[in-house]
Protein chains: 2
Amino acid sequence: MLFKQMTVIGVGLIGGSLALAAKRKGLVQTVVGYGNKRGDLHKAASMGAVDRFFLTLPKAIEGADLIVLATPIGAFEHITKAFAPYLKPGAIVTDVGSVKGELVSKIESLLSGGTPPAGRASFVGGHPMAGSEKSGIQSAFPTLFDKALAILTPTSKTDKKAVEKVSALWEGVGAEVVKIDPIKHDQVMAVVSHLPHLVAYSLMELFSHPRLIKSDTLSFAAGGLRDFTRIAESSPDMWRDIFRLNKTAVVEAIDLYQETLEKMKKAILAVPQKGGKPSAGNDDTLLKILNNAKTIRQKIRS
Amino acid sequence: MLFKQMTVIGVGLIGGSLALAAKRKGLVQTVVGYGNKRGDLHKAASMGAVDRFFLTLPKAIEGADLIVLATPIGAFEHITKAFAPYLKPGAIVTDVGSVKGELVSKIESLLSGGTPPAGRASFVGGHPMAGSEKSGIQSAFPTLFDKALAILTPTSKTDKKAVEKVSALWEGVGAEVVKIDPIKHDQVMAVVSHLPHLVAYSLMELFSHPRLIKSDTLSFAAGGLRDFTRIAESSPDMWRDIFRLNKTAVVEAIDLYQETLEKMKKAILAVPQKGGKPSAGNDDTLLKILNNAKTIRQKIRS
């Protein structure tokens, strides 16, 4: 038993799955849910994810020794402001957001700025790398974090014991915990997660290009493209917030990607279009890039 | 029974699967395999894909009323030149290549240019939209074309009866046949297939960028990126040939994609990074694009 009462703010795919997993593993005694849709909270209760739920923050926070922010990240700041005065002394606040960086400093200062005893909570930034294009409590399941990477982003201000407890929670639900700096987290995620999502969305948006919209190009878009852009079905609201809140690193990643794309276009343009045998040897740059790309692909952890 | 003898030139994933399916459905009496690796041909024979096989073209072509070009597309031209003199009068030649366009005219002229009776074969350009990042006879299976799109690209010179027979073969193995112009085929494929592959390769190649290679960014590349870039495991040789042979349309598609990417980058830059609530209303362009992209994604045939 790590926590007596965990309050999950936003009982969706991530919050709901964490609640289910933590209860199943006996890591928490009671889970309280907070949300703004009664129907979803009822669903969470009927699935056994939460023991009780509230639509008002003070009630939901009351008595909690762990608060998990699991709403869309765009709402973290104003929600934290709203519940900070009601925190139990010594409570730990953590989150599951895909962007850390400045958001971590902001929440840290919101929680340390309160008048004692309220507002003196420890904050531990977190980001479990799990999820899918599906969202909502109806998609939650207790093994979502099995073998997933759970990133924690402690700072110099973070209470070490709080980090240990949050770490134990994620390990308890099957995740592998890695700790990195919040800014580094955002730079890495911009490349390995945010850019790929942007790329998937932009491959879809391409079909709105005036040059393509008139043709029936989309009707040939079977198999490969569908697999490839599954993640373009992810929530636009959620991704708008991620792109917005991690703007600097995402734009940097797009810049690097644009350079890479331009390099590949040049390699294709440099290959003689005509000319006999497949391995003529004069189109080595393109082949080298493709071979290198395949090798990199094989290094990604499964 | 559509064909007495089908000779498959290149018994890999596509050629092998077609052979297995055509035999299972009783569409061909005999399948002869041609290839340059004895081990692969033995494997094809042991799997029941071919009844006999040869490592020399004249022997393999002898008596065939259907020849299927299923090697890497870069080899089509010189292989066709090599076997044309040995064709049985009235034979039909077809292919499974991902690029049509000029290749179709070239093979047409190679086959119509021979001295009678040899070299008077009909050519029907074909492209079954099936396959995976796997290749080789060991990955072949008879239901690969089930519900797949099989594109045929007849021209004004193409024999109508030959188109009908090739059409019947693909329908017989479970595919849905669509006929389009060879040039149009290449423009459409550049967008729906070749560009997505290029994008997958370039997302991998990005990790070779000097700014990323020193960090351990790749070690965080789990789940999403892996799914997303599965197709970057496809054969570099095959894709080098596709990019080379469909250069014009691929480069056009990259141009349109670069425009789209730039538009999305601008939309991200235009969103205020800070600022309270998630739906502040001042970042509508980005949200509109993401919503539009998601809608387009949902229109892709499953």
# chains A, B, ... in the order shown; residues from 1 in each chain; ligands from 1
>>> residues_around(residues="segment 194-208 of chain B", least_positions_apart="3", cutoff="6 Å", atoms="only C-alpha atoms", output="count of residues only")
8
>>> residues_around(residues="Leu57 of chain B", least_positions_apart="3", cutoff="7 Å", atoms="only C-alpha atoms", output="VMD selection string")
chain B and resid 34 60 to 61 83
